[in-house]
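Colleague: My structure file entry_22.cif, mmCIF, C-alpha atoms, is below:
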```
data_final
#
loop_
_atom_site.label_atom_id
_atom_site.label_comp_id
_atom_site.auth_asym_id
_atom_site.auth_seq_id
_atom_site.Cartn_x
_atom_site.Cartn_y
_atom_site.Cartn_z
CA MET F 22 21.19 5.22 -1.08
CA THR F 23 20.60 4.77 2.63
CA ALA F 24 21.04 1.99 5.13
CA THR F 25 20.36 1.52 8.81
CA THR F 26 23.14 0.17 10.97
CA THR F 27 22.49 -2.13 13.93
CA ASP F 28 25.71 -1.67 15.90
CA ASP F 29 25.55 -0.26 19.41
CA GLY F 30 27.29 3.06 19.75
CA PRO F 31 27.52 6.30 17.79
CA VAL F 32 26.61 4.78 14.40
CA ALA F 33 23.31 3.28 15.55
CA SER F 34 21.32 5.55 13.22
CA ALA F 35 20.42 5.81 9.56
CA LEU F 36 23.53 6.49 7.50
CA GLU F 37 23.63 7.64 3.90
CA VAL F 38 26.21 6.80 1.24
CA ARG F 39 26.36 8.90 -1.91
CA LEU F 40 28.61 11.09 -4.04
CA ALA F 41 29.45 14.61 -2.90
CA ARG F 42 27.01 17.16 -4.29
CA SER F 43 28.80 20.41 -3.48
CA ASP F 44 32.19 21.98 -2.97
CA ALA F 45 31.35 22.28 0.73
CA GLU F 46 30.94 18.50 1.00
CA ILE F 47 34.28 17.94 -0.74
CA VAL F 48 35.90 20.34 1.73
CA ALA F 49 34.35 18.34 4.58
CA ALA F 50 35.89 15.16 3.11
CA GLN F 51 39.29 16.88 2.88
CA GLU F 52 39.00 18.00 6.50
CA LEU F 53 38.18 14.46 7.56
CA ARG F 54 41.20 13.17 5.62
CA PHE F 55 43.40 15.71 7.41
CA ARG F 56 42.19 14.61 10.82
CA VAL F 57 42.75 10.92 10.05
CA PHE F 58 45.92 11.03 7.96
CA TYR F 59 47.80 13.86 9.65
CA GLU F 60 46.51 14.19 13.20
CA GLU F 61 45.85 10.52 13.88
CA MET F 62 48.25 8.57 11.65
CA GLY F 63 51.21 10.93 11.74
CA ALA F 64 51.46 12.11 8.14
CA ARG F 65 53.73 15.13 7.62
CA PRO F 66 51.84 18.16 6.34
CA THR F 67 53.30 20.90 4.21
CA PRO F 68 52.96 24.37 5.75
CA GLU F 69 50.05 25.02 3.39
CA THR F 70 48.28 21.81 4.40
CA ALA F 71 48.82 22.50 8.10
CA ALA F 72 47.44 26.02 7.78
CA ALA F 73 44.37 24.90 5.82
CA ARG F 74 43.81 21.76 7.95
CA ARG F 75 42.68 19.99 4.79
CA ASP F 76 44.25 17.14 2.81
CA VAL F 77 44.17 18.44 -0.77
CA ASP F 78 45.91 17.54 -4.01
CA GLN F 79 45.45 18.16 -7.74
CA PHE F 80 43.29 15.07 -8.20
CA ASP F 81 40.48 16.25 -5.93
CA GLU F 82 38.97 18.49 -8.57
CA VAL F 83 38.74 15.73 -11.20
CA CYS F 84 37.56 12.84 -8.99
CA ASP F 85 34.19 11.82 -7.63
CA HIS F 86 34.04 11.81 -3.83
CA LEU F 87 32.04 9.04 -2.20
CA LEU F 88 30.73 10.07 1.21
CA VAL F 89 29.20 8.34 4.19
CA ILE F 90 26.97 10.81 6.03
CA ASP F 91 25.41 10.60 9.48
CA PRO F 92 22.36 12.90 9.45
CA ALA F 93 22.38 12.88 13.24
CA ARG F 94 25.50 15.06 13.07
CA GLY F 95 23.96 17.42 10.55
CA GLU F 96 23.02 17.52 6.91
CA GLY F 97 25.56 17.61 4.09
CA PRO F 98 29.08 18.70 5.09
CA ARG F 99 28.44 18.53 8.85
CA GLY F 100 27.48 14.86 8.63
CA VAL F 101 30.47 13.53 6.64
CA ILE F 102 32.03 10.64 8.59
CA GLY F 103 33.61 8.62 5.77
CA THR F 104 35.03 9.22 2.32
CA TYR F 105 36.55 7.45 -0.68
CA ARG F 106 37.92 9.09 -3.81
CA LEU F 107 36.97 7.57 -7.18
CA GLN F 108 38.33 8.36 -10.62
CA ARG F 109 37.28 6.82 -13.93
CA ARG F 110 39.76 6.58 -16.78
CA GLU F 111 36.85 7.24 -19.14
CA SER F 112 35.83 10.46 -17.39
CA PRO F 113 36.17 13.61 -19.51
CA ARG F 114 37.99 15.15 -16.53
CA PHE F 115 40.65 12.40 -16.45
CA ARG F 116 44.22 13.76 -16.19
CA GLY F 117 46.17 10.70 -15.16
CA PHE F 118 46.35 8.38 -12.17
CA TYR F 119 47.52 9.25 -8.66
CA THR F 120 48.99 5.75 -8.41
CA ALA F 121 51.44 6.60 -11.22
CA GLY F 122 53.57 8.36 -8.61
CA GLU F 123 54.32 4.98 -7.04
CA TYR F 124 53.62 2.26 -9.64
CA ASP F 125 53.96 1.67 -13.35
CA VAL F 126 50.32 1.97 -14.42
CA ALA F 127 50.84 1.29 -18.14
CA LYS F 128 48.71 -1.87 -17.99
CA PHE F 129 45.82 0.06 -16.46
CA VAL F 130 46.09 2.81 -19.05
CA ALA F 131 45.95 0.21 -21.84
CA TYR F 132 43.45 -2.15 -20.21
CA PRO F 133 40.70 -3.16 -22.70
CA GLY F 134 37.77 -2.22 -20.50
CA ARG F 135 36.52 0.50 -18.18
CA VAL F 136 38.93 1.34 -15.38
CA MET F 137 38.49 3.06 -12.03
CA GLU F 138 41.11 4.20 -9.52
CA LEU F 139 40.25 4.30 -5.81
CA GLY F 140 42.07 6.10 -3.04
CA ARG F 141 42.11 8.48 -0.07
CA SER F 142 39.79 6.27 1.97
CA CYS F 143 39.16 7.05 5.62
CA VAL F 144 36.45 6.89 8.29
CA ASP F 145 36.03 8.99 11.42
CA GLU F 146 37.48 7.15 14.42
CA ALA F 147 34.11 6.95 16.18
CA TYR F 148 32.51 5.17 13.20
CA ARG F 149 34.98 2.39 12.36
CA THR F 150 32.60 -0.52 12.48
CA LYS F 151 31.92 -3.40 10.14
CA ALA F 152 28.55 -1.85 9.28
CA VAL F 153 30.11 1.41 8.11
CA MET F 154 32.73 -0.39 6.00
CA GLN F 155 30.02 -2.51 4.39
CA LEU F 156 28.03 0.61 3.63
CA MET F 157 31.04 2.21 1.97
CA TRP F 158 31.62 -0.91 -0.14
CA ARG F 159 27.95 -0.87 -1.09
CA GLY F 160 28.45 2.63 -2.45
CA ILE F 161 31.49 1.51 -4.43
CA ALA F 162 29.50 -1.45 -5.79
CA SER F 163 26.74 0.86 -6.96
CA TYR F 164 29.30 3.09 -8.69
CA VAL F 165 30.90 0.04 -10.36
CA PHE F 166 27.56 -1.19 -11.66
CA THR F 167 26.39 2.26 -12.76
CA HIS F 168 29.56 2.96 -14.78
CA GLU F 169 30.12 -0.65 -15.90
CA ILE F 170 33.63 -0.76 -14.43
CA ASP F 171 35.73 -3.75 -15.51
CA LEU F 172 38.82 -3.15 -13.38
CA MET F 173 39.46 -1.10 -10.26
CA PHE F 174 42.76 -0.45 -8.56
CA GLY F 175 44.53 1.86 -6.17
CA CYS F 176 47.16 2.22 -3.49
CA ALA F 177 46.27 0.71 -0.13
CA SER F 178 48.35 1.48 2.94
CA LEU F 179 49.82 -0.42 5.84
CA HIS F 180 50.70 1.84 8.75
CA GLY F 181 54.41 2.43 9.28
CA THR F 182 57.51 2.76 7.11
CA ASP F 183 59.65 -0.17 8.30
CA PRO F 184 59.20 -3.09 5.85
CA GLN F 185 60.79 -5.54 8.28
CA ALA F 186 58.12 -4.75 10.85
CA LEU F 187 55.54 -5.53 8.15
CA ALA F 188 57.31 -8.64 6.84
CA ILE F 189 54.46 -11.02 7.68
CA PRO F 190 51.59 -9.17 5.91
CA LEU F 191 53.78 -8.08 2.98
CA SER F 192 55.11 -11.60 2.42
CA TYR F 193 51.62 -13.04 2.69
CA LEU F 194 50.30 -10.64 0.04
CA HIS F 195 53.19 -11.47 -2.27
CA HIS F 196 52.97 -15.26 -1.94
CA TRP F 197 49.18 -15.66 -1.87
CA HIS F 198 47.75 -12.68 -3.75
CA LEU F 199 50.24 -11.54 -6.43
CA ALA F 200 48.32 -10.31 -9.48
CA PRO F 201 48.38 -12.19 -12.78
CA GLU F 202 51.00 -10.84 -15.14
CA ALA F 203 48.39 -9.22 -17.40
CA VAL F 204 47.35 -6.77 -14.67
CA ARG F 205 50.40 -6.83 -12.38
CA ALA F 206 51.67 -3.31 -11.73
CA PRO F 207 55.30 -3.12 -10.55
CA ALA F 208 56.47 -0.43 -8.16
CA LEU F 209 58.58 2.22 -9.85
CA PRO F 210 62.25 1.16 -9.81
CA SER F 211 63.27 4.18 -7.72
CA ARG F 212 60.70 3.32 -5.05
CA TYR F 213 60.59 -0.49 -5.22
CA VAL F 214 60.68 -2.38 -1.91
CA ARG F 215 60.63 -6.18 -1.89
CA MET F 216 57.54 -7.78 -0.39
CA ASP F 217 58.80 -11.39 -0.23
CA LEU F 218 60.76 -10.74 2.95
CA LEU F 219 59.83 -14.18 4.30
CA ALA F 220 59.64 -17.49 2.46
CA ARG F 221 56.14 -18.81 1.83
CA GLU F 222 56.54 -21.61 4.35
CA GLN F 223 57.45 -19.09 7.06
CA VAL F 224 54.10 -17.30 6.77
CA ARG F 225 50.98 -18.37 8.60
CA PRO F 226 48.04 -17.04 6.55
CA ARG F 227 45.69 -16.61 9.49
CA GLU F 228 48.26 -14.60 11.42
CA ALA F 229 49.06 -12.53 8.34
CA LEU F 230 45.41 -11.76 7.64
CA ALA F 231 44.94 -10.55 11.20
CA ALA F 232 47.80 -8.08 10.66
CA LEU F 233 46.26 -6.54 7.52
CA PRO F 234 44.24 -3.31 7.65
CA PRO F 235 40.46 -3.81 7.16
CA LEU F 236 40.60 -1.98 3.82
CA VAL F 237 43.18 -4.38 2.37
CA LYS F 238 41.23 -7.37 3.65
CA GLY F 239 38.16 -5.91 1.96
CA TYR F 240 39.92 -5.90 -1.40
CA LEU F 241 41.04 -9.50 -0.90
CA ARG F 242 37.47 -10.59 -0.12
CA LEU F 243 36.50 -9.22 -3.51
CA GLY F 244 39.05 -11.49 -5.17
CA GLY F 245 41.67 -8.75 -5.34
CA PHE F 246 45.38 -9.05 -6.07
CA VAL F 247 48.43 -6.92 -5.34
CA GLY F 248 51.09 -5.53 -7.63
CA GLU F 249 54.77 -6.36 -7.48
CA GLY F 250 56.71 -4.58 -4.76
CA ALA F 251 55.72 -2.14 -2.04
CA VAL F 252 56.41 1.59 -1.79
CA ILE F 253 57.38 3.57 1.32
CA ASP F 254 55.47 6.83 1.65
CA HIS F 255 57.33 8.81 4.29
CA GLN F 256 55.00 11.79 4.03
CA PHE F 257 51.98 9.68 5.00
CA ASN F 258 53.89 7.35 7.33
CA THR F 259 52.75 4.28 5.38
CA THR F 260 53.92 1.36 3.31
CA ASP F 261 51.77 1.13 0.19
CA VAL F 262 50.74 -1.78 -1.98
CA CYS F 263 48.91 -1.60 -5.30
CA VAL F 264 45.61 -3.49 -5.13
CA ILE F 265 43.86 -4.65 -8.31
CA VAL F 266 40.35 -6.08 -8.71
CA GLU F 267 38.91 -7.29 -12.01
CA THR F 268 35.18 -7.04 -11.45
CA ASP F 269 34.39 -10.21 -13.40
CA GLN F 270 36.45 -12.03 -10.78
CA VAL F 271 34.51 -10.60 -7.84
CA THR F 272 32.91 -13.35 -5.80
CA ASP F 273 29.30 -14.37 -6.48
CA LYS F 274 28.51 -13.64 -2.85
CA TYR F 275 29.55 -10.02 -3.34
CA PHE F 276 27.32 -9.57 -6.37
CA ARG F 277 24.34 -11.21 -4.66
CA HIS F 278 24.79 -8.92 -1.70
CA TYR F 279 25.02 -5.69 -3.64
CA ASP F 280 23.32 -6.11 -7.00
CA ARG F 281 19.94 -5.05 -5.57
CA THR F 282 21.38 -1.64 -4.69
CA ALA F 283 23.13 -1.09 -8.02
CA ALA F 284 19.99 -0.20 -9.91
CA ARG F 285 19.57 2.88 -7.74
CA GLY F 286 22.69 4.47 -9.21
CA MET F 287 24.91 7.08 -7.64
#
```
Could I get this structure in the form of structure tokens?
Modeller:
Amino acid sequence: MTATTTDDGPVASALEVRLARSDAEIVAAQELRFRVFYEEMGARPTPETAAARRDVDQFDEVCDHLLVIDPARGEGPRGVIGTYRLQRRESPRFRGFYTAGEYDVAKFVAYPGRVMELGRSCVDEAYRTKAVMQLMWRGIASYVFTHEIDLMFGCASLHGTDPQALAIPLSYLHHWHLAPEAVRAPALPSRYVRMDLLAREQVRPREALAALPPLVKGYLRLGGFVGEGAVIDHQFNTTDVCVIVETDQVTDKYFRHYDRTAARGM
């Protein structure tokens, strides 16, 4: 799947979105994650991670890795400028969910449909444009259609580890976008942080939306919800929320925009 961006700047060229096809491309995605998460956002690497300069965990070998590639930078690994990690519950490689380290995922394990977990999303700093984010979502849409996914979920991060500093966006998510009980994942008791830090009437939705990261806003545009409670991730210097999207609730506009690409597969 390819698309041509129209933005001025370094992404004004044909970009490709597809799944990684080699170990070398997965390594390139891990190196990009290291640059963004550790060097840029202040995550704390283990000595092994710092030495390798790659963000790696046990889920990498069982997940599919969605890549955005700029051929102008080079083919394959050299061109990787964006990545998203995808894992299907129905995959023969499935070994459990990453999100289980922060949230009770029992409802996702038992969900009567096909389930996908998303995570480890990042884009090179020079390519963070609306066009690139749309291209990445187009790739996810194709994957959803190809594998007939009914529900997708994952941890999404707000930068920083002080909930009070994030009171406006957290409270907004809790009051306006709390998931229905049937798919509401609560944070693990040992990690649970309240999100309703402000009363509903104290929150101005427009102000709160402006404070949300683009990735979280993307989930909300798809009709997404959040789980109950946030989780502080001191290693990654983030406050995490669990985002849930039932694909039959995705807006008609989203389907009209992406259904033409779905037939191409991933």
Colleague: Applying 9 Å and only C-alpha atoms, which residues near segment 115-121 of chain F remain after dropping the ones on its own chain fewer than 6 positions away? List them as a PyMOL selection string.
Modeller: chain F and resi 80+83-84+108-109+127+130+138+140+174-176+209+263
Colleague: Rank F:Gly134, F:Pro184, F:Gly122, F:Gly245 by their smallest atom-to-atom distance to Arg110 of chain F, using all atoms listed in the file, and report the top residue only.
Modeller: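 Closest to Arg110 of chain F of all the choices is F:Gly134.
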Colleague: Can you work out which one of F:Pro226, F:Pro210, F:Pro234, F:Pro98 has the shortest atom-to-atom distance to Asp44 of chain F, counting all atoms listed in the file?
Modeller: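 Ranked by minimum distance to Asp44 of chain F, first place goes to F:Pro98.
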Colleague: Find the residues around Ala203 of chain F up to 12 Å (all atoms listed in the file counted), leave out those fewer than 4 positions away in its own chain, and share them as an NGL selection string.
Modeller: :F and (126-129 or 131-133 or 199 or 207 or 246 or 248 or 265 or 267)
Colleague: What do you get, as a count of residues only, if you spell out every residue that the PyMOL selection byres ((chain F and resi 218) around 10) selects here?
Modeller: 18
Colleague: Which protein, DNA or RNA residues are at most 12 Å from (33.3, -3.5, 9.7) in the file's coordinates when you count only C-alpha atoms, listed as a ChimeraX atom specification?
Modeller: /F:26-28,32,144,148-158,234-236,238-239
Colleague: From the list F:Glu228, F:Asp269, F:Glu46, F:Asp91, which residue is nearest Asp145 of chain F when using all atoms listed in the file?
Modeller: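 Comparing F:Glu228, F:Asp269, F:Glu46, F:Asp91 against Asp145 of chain F, the winner is F:Asp91.
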Colleague: So which residues are close to (32.0, 1.1, -18.4), meaning at most 9 Å away in the file's coordinates with only C-alpha atoms counted, and can you show them as a list in words?
Modeller: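 Checked against the point, the hits come out as Arg109, Glu111, Gly134, Arg135, Val136, Val165, Phe166, Thr167, His168, Glu169, Ile170 and Asp171 of chain F.
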Colleague: Need the shell around Gly103 of chain F: protein/DNA/RNA residues with any atom at most 6 Å away, counting all atoms listed in the file. Skip same-chain ones fewer than 4 positions apart. Format as a count of residues only?
Modeller: 4
Colleague: Considering all atoms listed in the file, can you say which of F:Ala45, F:Leu40, F:Ile253, F:Ala231 comes closest to Gly181 of chain F?
Modeller: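 Of F:Ala45, F:Leu40, F:Ile253, F:Ala231, the one nearest Gly181 of chain F, counting all atoms listed in the file, is F:Ile253.
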Colleague: Using the chain letters and numbers from the file, give me the residues hit by the PyMOL selection byres ((chain F and resi 41) around 12), as a PyMOL selection string.
Modeller: chain F and resi 37-40+42-51+81-82+84-90+97-98+100-101+103-107+287
Colleague: Would you mind exporting the chosen residues as a CSV table (one decimal), in the coordinates of the input, restricted to C-alpha atoms?
Modeller:
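The result, written out as result34.csv:
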```csv
chain,number,residue,atom,x,y,z
F,37,GLU,CA,23.6,7.6,3.9
F,38,VAL,CA,26.2,6.8,1.2
F,39,ARG,CA,26.4,8.9,-1.9
F,40,LEU,CA,28.6,11.1,-4.0
F,42,ARG,CA,27.0,17.2,-4.3
F,43,SER,CA,28.8,20.4,-3.5
F,44,ASP,CA,32.2,22.0,-3.0
F,45,ALA,CA,31.4,22.3,0.7
F,46,GLU,CA,30.9,18.5,1.0
F,47,ILE,CA,34.3,17.9,-0.7
F,48,VAL,CA,35.9,20.3,1.7
F,49,ALA,CA,34.4,18.3,4.6
F,50,ALA,CA,35.9,15.2,3.1
F,51,GLN,CA,39.3,16.9,2.9
F,81,ASP,CA,40.5,16.2,-5.9
F,82,GLU,CA,39.0,18.5,-8.6
F,84,CYS,CA,37.6,12.8,-9.0
F,85,ASP,CA,34.2,11.8,-7.6
F,86,HIS,CA,34.0,11.8,-3.8
F,87,LEU,CA,32.0,9.0,-2.2
F,88,LEU,CA,30.7,10.1,1.2
F,89,VAL,CA,29.2,8.3,4.2
F,90,ILE,CA,27.0,10.8,6.0
F,97,GLY,CA,25.6,17.6,4.1
F,98,PRO,CA,29.1,18.7,5.1
F,100,GLY,CA,27.5,14.9,8.6
F,101,VAL,CA,30.5,13.5,6.6
F,103,GLY,CA,33.6,8.6,5.8
F,104,THR,CA,35.0,9.2,2.3
F,105,TYR,CA,36.6,7.4,-0.7
F,106,ARG,CA,37.9,9.1,-3.8
F,107,LEU,CA,37.0,7.6,-7.2
F,287,MET,CA,24.9,7.1,-7.6
```
Colleague: Rounded to one decimal, what separation in Å do you get between atom CA of Leu179 of chain F and atom CA of Ser142 of chain F?
Modeller: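 Spanning atom CA of Leu179 of chain F to atom CA of Ser142 of chain F is a straight-line distance of 12.7 Å.
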Colleague: Rounded to one decimal, what separation in Å do you get between atom CA of Ser163 of chain F and atom CA of Val237 of chain F?
Modeller: 19.6 Å
Colleague: Find the distance between atom CA of Arg74 of chain F and atom CA of Arg56 of chain F and write it in Å to one decimal.
Modeller: 7.9 Å
Colleague: Could you check the closest approach to Val57 of chain F for each of F:Ala147, F:Asp125, F:Arg114, F:Leu194 and tell me which residue wins, using only C-alpha atoms?
Modeller: F:Ala147
Colleague: Using all atoms listed in the file, pick whichever of F:Glu60, F:Pro68, F:Leu233, F:Ala35 has the shortest atom-to-atom distance to Arg94 of chain F.
Modeller: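 With all atoms listed in the file as the atom set, the closest residue is F:Ala35.
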Colleague: Please reconstruct the missing atoms of segment 197-229 of chain F (target: N, CA and C atoms) and return them as a CSV table (one decimal), keeping the file's coordinate frame.
Modeller:
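Output (selection.csv):
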```csv
chain,number,residue,atom,x,y,z
F,197,TRP,N,50.5,-15.1,-1.7
F,197,TRP,CA,49.2,-15.7,-1.9
F,197,TRP,C,48.3,-14.8,-2.8
F,198,HIS,N,48.7,-13.6,-3.0
F,198,HIS,CA,47.8,-12.7,-3.8
F,198,HIS,C,48.4,-11.8,-4.8
F,199,LEU,N,49.6,-12.3,-5.4
F,199,LEU,CA,50.2,-11.5,-6.4
F,199,LEU,C,49.4,-11.6,-7.7
F,200,ALA,N,49.2,-10.4,-8.3
F,200,ALA,CA,48.3,-10.3,-9.5
F,200,ALA,C,48.8,-11.1,-10.7
F,201,PRO,N,47.9,-11.6,-11.5
F,201,PRO,CA,48.4,-12.2,-12.8
F,201,PRO,C,49.2,-11.2,-13.6
F,202,GLU,N,50.1,-11.7,-14.4
F,202,GLU,CA,51.0,-10.8,-15.1
F,202,GLU,C,50.3,-9.8,-16.0
F,203,ALA,N,49.1,-10.1,-16.5
F,203,ALA,CA,48.4,-9.2,-17.4
F,203,ALA,C,48.0,-7.9,-16.7
F,204,VAL,N,47.8,-8.0,-15.4
F,204,VAL,CA,47.4,-6.8,-14.7
F,204,VAL,C,48.3,-6.5,-13.5
F,205,ARG,N,49.5,-7.0,-13.5
F,205,ARG,CA,50.4,-6.8,-12.4
F,205,ARG,C,51.2,-5.5,-12.6
F,206,ALA,N,51.0,-4.6,-11.7
F,206,ALA,CA,51.7,-3.3,-11.7
F,206,ALA,C,52.9,-3.4,-10.8
F,207,PRO,N,54.1,-3.1,-11.4
F,207,PRO,CA,55.3,-3.1,-10.6
F,207,PRO,C,55.5,-1.7,-9.9
F,208,ALA,N,56.1,-1.7,-8.7
F,208,ALA,CA,56.5,-0.4,-8.2
F,208,ALA,C,57.5,0.2,-9.0
F,209,LEU,N,57.6,1.5,-9.1
F,209,LEU,CA,58.6,2.2,-9.8
F,209,LEU,C,60.0,1.8,-9.3
F,210,PRO,N,60.9,1.6,-10.2
F,210,PRO,CA,62.2,1.2,-9.8
F,210,PRO,C,62.9,2.0,-8.7
F,211,SER,N,62.7,3.3,-8.7
F,211,SER,CA,63.3,4.2,-7.7
F,211,SER,C,62.6,4.1,-6.4
F,212,ARG,N,61.4,3.4,-6.3
F,212,ARG,CA,60.7,3.3,-5.0
F,212,ARG,C,60.4,1.9,-4.6
F,213,TYR,N,60.9,0.9,-5.4
F,213,TYR,CA,60.6,-0.5,-5.2
F,213,TYR,C,61.2,-1.0,-3.9
F,214,VAL,N,60.3,-1.7,-3.1
F,214,VAL,CA,60.7,-2.4,-1.9
F,214,VAL,C,60.2,-3.8,-2.0
F,215,ARG,N,61.0,-4.8,-1.8
F,215,ARG,CA,60.6,-6.2,-1.9
F,215,ARG,C,59.5,-6.5,-0.9
F,216,MET,N,58.6,-7.3,-1.3
F,216,MET,CA,57.5,-7.8,-0.4
F,216,MET,C,57.8,-9.2,0.1
F,217,ASP,N,58.6,-10.0,-0.6
F,217,ASP,CA,58.8,-11.4,-0.2
F,217,ASP,C,59.9,-11.5,0.8
F,218,LEU,N,59.7,-10.8,1.9
F,218,LEU,CA,60.8,-10.7,3.0
F,218,LEU,C,60.9,-12.0,3.7
F,219,LEU,N,59.8,-12.9,3.7
F,219,LEU,CA,59.8,-14.2,4.3
F,219,LEU,C,59.5,-15.2,3.2
F,220,ALA,N,60.0,-16.4,3.4
F,220,ALA,CA,59.6,-17.5,2.5
F,220,ALA,C,58.2,-17.9,2.7
F,221,ARG,N,57.6,-18.4,1.7
F,221,ARG,CA,56.1,-18.8,1.8
F,221,ARG,C,55.9,-19.7,3.0
F,222,GLU,N,56.8,-20.7,3.3
F,222,GLU,CA,56.5,-21.6,4.4
F,222,GLU,C,56.7,-21.0,5.7
F,223,GLN,N,57.3,-19.8,5.8
F,223,GLN,CA,57.4,-19.1,7.1
F,223,GLN,C,56.2,-18.3,7.4
F,224,VAL,N,55.3,-18.2,6.6
F,224,VAL,CA,54.1,-17.3,6.8
F,224,VAL,C,52.9,-18.1,7.1
F,225,ARG,N,52.2,-17.7,8.2
F,225,ARG,CA,51.0,-18.4,8.6
F,225,ARG,C,49.8,-17.5,8.1
F,226,PRO,N,49.1,-17.9,7.1
F,226,PRO,CA,48.0,-17.0,6.6
F,226,PRO,C,47.1,-16.4,7.6
F,227,ARG,N,46.7,-17.2,8.5
F,227,ARG,CA,45.7,-16.6,9.5
F,227,ARG,C,46.3,-15.5,10.3
F,228,GLU,N,47.6,-15.6,10.7
F,228,GLU,CA,48.3,-14.6,11.4
F,228,GLU,C,48.5,-13.4,10.5
F,229,ALA,N,48.8,-13.6,9.3
F,229,ALA,CA,49.1,-12.5,8.3
F,229,ALA,C,47.8,-11.7,8.1
```
